[in-house]
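**Student:** Got a structure for you, questions after.
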Amino acid sequence: MRVISGRFRGRRLKGPDGTDLRPTGDRLKETLFNILAPVVPAAVVLDVFGGTGAIGIEALSRGAKHVAFIEISPPAQRLILQNLKVCGIEGGFQIIRQDVFAALRMLARKGFKANIIYFDPPYDFEPYQDLLMLTFKRGLVHKSGRVIIEHHRKARIPEEGDGYRRARVVRQGDQVLSFFEEPRPKDETASGH
C-alpha cells in the first residue's frame with residue numbers, strides 16, 4: 001500500500017495487522033483519484049471510517065487543504081498517525097475519535113463543509129440510507145461536492161433518497177465506488193421571460 005501521486009508519491013504506508021481493517025487497494029484508489037483529480041487541490045476532505053488513513057493521505061499528497069479523519073477504533077487511529085508520520089505530515093488534518101453518526105452531527109453543528117466525503121465502512125455495515133441522509137440534509141458537503149461510498153458489490157446501496165441521488169457507479173471486481181450528489185432541479189420551462 002503506497003501513496004500513488006503528489007508530494008508523498010511512493011511512500012509505503014503501514015497496513016493493518018489483523019483482518020478488521022480492509023484498506024482500499026492501490027488500483028481502486030488510483031481509479032478514484034483519477035476521477036477526483038480536478039477537485040482535490042485545495043479541497044476539504046472528510047475520510048470517514050478512516051482505517052489506515054490512505055485515502056486522506058493521498059488527498060493531502062495531491063494538494064488537499066485539510067483532511068478530517070473519522071475513526072472510532074484506537075488501533076486504526078494509531079495507524080493513521082503512523083502513516084501521517086511516515087509521510088512527514090504535521091498539519092492540515094484532524095482525527096475525530098467518535099462514532100461516525102455522532103461525528104457527522106458534531107461537524108454539522110460546527111458548520112463544517114467538505115468538497116469530498118469518502119465513506120469506506122466495514123462490509124457488514126447496513127445503514128447507508130441514514131448515512132447519506134445525514135450527510136446531505138445537514139449540509140456537510142458543498143453544493144458541487146462529491147460524496148463517495150466504497151462498498152462490496154452485494155451491498156444494498158440506495159439509488160436515491162431525500163436530498164441525494166446516485167450519479168455514478170464504478171466497479172472493480174467485488175469493489176464498487178458509488179458517487180452521490182444532490183438531485184438536479186427539474187428543468188423548468190421558460191415562461192416567456
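Naming works like this for the C-alpha cells: A, B, ... for the chains as they're shown, residue 1 at the start of each chain, ligands 1 onward in shown order.
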Write out as a list of chain:residue names the set of residues from region 52-87 of chain A that DSSP, computed on the backbone, places in alpha helix (DSSP H).
**Tutor:** A:Ala54, A:Ile55, A:Gly56, A:Ile57, A:Glu58, A:Ala59, A:Leu60, A:Ser61, A:Pro74, A:Pro75, A:Ala76, A:Gln77, A:Arg78, A:Leu79, A:Ile80, A:Leu81, A:Gln82, A:Asn83, A:Leu84, A:Lys85, A:Val86
**Student:** Measuring atom to atom with only C-alpha atoms, identify which of A:Phe112, A:Tyr123, A:Tyr128, A:Phe180 is nearest to Gly145 (chain A).
**Tutor:** A:Phe180
**Student:** List the neighbours of Glu182 (chain A) out to 8 Å using only C-alpha atoms; skip same-chain residues closer than 4 positions along the sequence, and give me the result as a count of residues only.
**Tutor:** 5
**Student:** Can you tell me, as an mmCIF file with N, CA and C atoms, in the first residue's frame, what residues are no more than 9 Å from Met1 (chain A) when counting only C-alpha atoms, ignoring any on the same chain fewer than 5 positions away?
**Tutor:**
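Written out: selection.cif:
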data_model
loop_
_atom_site.group_PDB
_atom_site.id
_atom_site.type_symbol
_atom_site.label_atom_id
_atom_site.label_comp_id
_atom_site.auth_asym_id
_atom_site.auth_seq_id
_atom_site.Cartn_x
_atom_site.Cartn_y
_atom_site.Cartn_z
ATOM 1 N N ARG A 11 5.677 6.751 -1.043
ATOM 2 C CA ARG A 11 5.821 6.382 0.385
ATOM 3 C C ARG A 11 4.973 5.143 0.660
ATOM 4 N N ARG A 12 5.581 4.191 1.341
ATOM 5 C CA ARG A 12 4.857 2.962 1.679
ATOM 6 C C ARG A 12 4.127 3.165 3.000
ATOM 7 N N LEU A 13 2.814 2.903 2.988
ATOM 8 C CA LEU A 13 2.002 3.078 4.188
ATOM 9 C C LEU A 13 1.875 1.758 4.938
ATOM 10 N N LYS A 14 1.787 1.878 6.249
ATOM 11 C CA LYS A 14 1.628 0.676 7.076
ATOM 12 C C LYS A 14 0.191 0.166 6.951
ATOM 13 N N GLY A 15 0.059 -1.143 6.822
ATOM 14 C CA GLY A 15 -1.261 -1.758 6.750
ATOM 15 C C GLY A 15 -1.668 -2.325 8.104
ATOM 16 N N PRO A 23 -8.096 -2.189 3.826
ATOM 17 C CA PRO A 23 -7.675 -0.973 3.130
ATOM 18 C C PRO A 23 -8.065 -0.979 1.653
ATOM 19 N N THR A 24 -8.325 0.206 1.135
ATOM 20 C CA THR A 24 -8.624 0.357 -0.288
ATOM 21 C C THR A 24 -7.377 -0.013 -1.081
ATOM 22 N N GLY A 25 -7.525 -0.897 -2.052
ATOM 23 C CA GLY A 25 -6.387 -1.318 -2.872
ATOM 24 C C GLY A 25 -5.863 -0.166 -3.724
ATOM 25 N N ASP A 26 -4.580 -0.273 -4.093
ATOM 26 C CA ASP A 26 -3.956 0.804 -4.876
ATOM 27 C C ASP A 26 -4.665 1.049 -6.213
ATOM 28 N N ALA A 54 -5.237 5.995 4.307
ATOM 29 C CA ALA A 54 -4.674 6.040 2.952
ATOM 30 C C ALA A 54 -5.387 7.023 2.025
#
**Student:** Using only C-alpha atoms, which residue out of A:Phe69, A:Phe49, A:Phe33, A:Phe125 lies closest to Arg156 (chain A)?
**Tutor:** A:Phe125
**Student:** Residues of region 52-132 of chain A classed as strand (DSSP E) by DSSP on the backbone are to be reported as a PyMOL selection string.
**Tutor:** chain A and resi 66-70+93-96+114-119
